[in-house]
Amino acid sequence: MTYRPLAIVSGLTLGDYLLWDWSLNHNHDVLAVVAGLTLPPLALAWLWLIAVTLVRLTARTTRRSSQRAAGRRARSARAPLSETAESGETAPQASCDGEQPTAEQPAIPATAVEQPATRAAGAGRPSRRIAA
């Protein structure tokens, strides 16, 4: 994001204001009228660029904080296995609707949950691609 347009319009607006003020104080009527007529459009452009810049900064800050939160969620999903899962024991796990597994519905081993089969070569880093 470039701040060049904001800097240029700020300089023009400030210069036009100073010229207008000086020409009013030193009785340069034609110059005061010309500077006074160009000042309102420049001031509106400057206010518009300030608003756009603030919105962009807010959006960028929000996007970064959401990326950080997604990274934290991804790191917590890759948390180390518990001691029982590392020793090969499988504890009964709850099914999707909160019930304990039955004989018809066996428990899913913790290693199967933690290690998906479709892991990409770049595992360990969250993807920065935007879904289409």
# chains A, B, ... in the order shown; residues from 1 in each chain; ligands from 1
>>> residues_around(residues="stretch 7-19 of chain A", least_positions_apart="5", cutoff="12 Å", atoms="only C-alpha atoms", output="count of residues only")
29
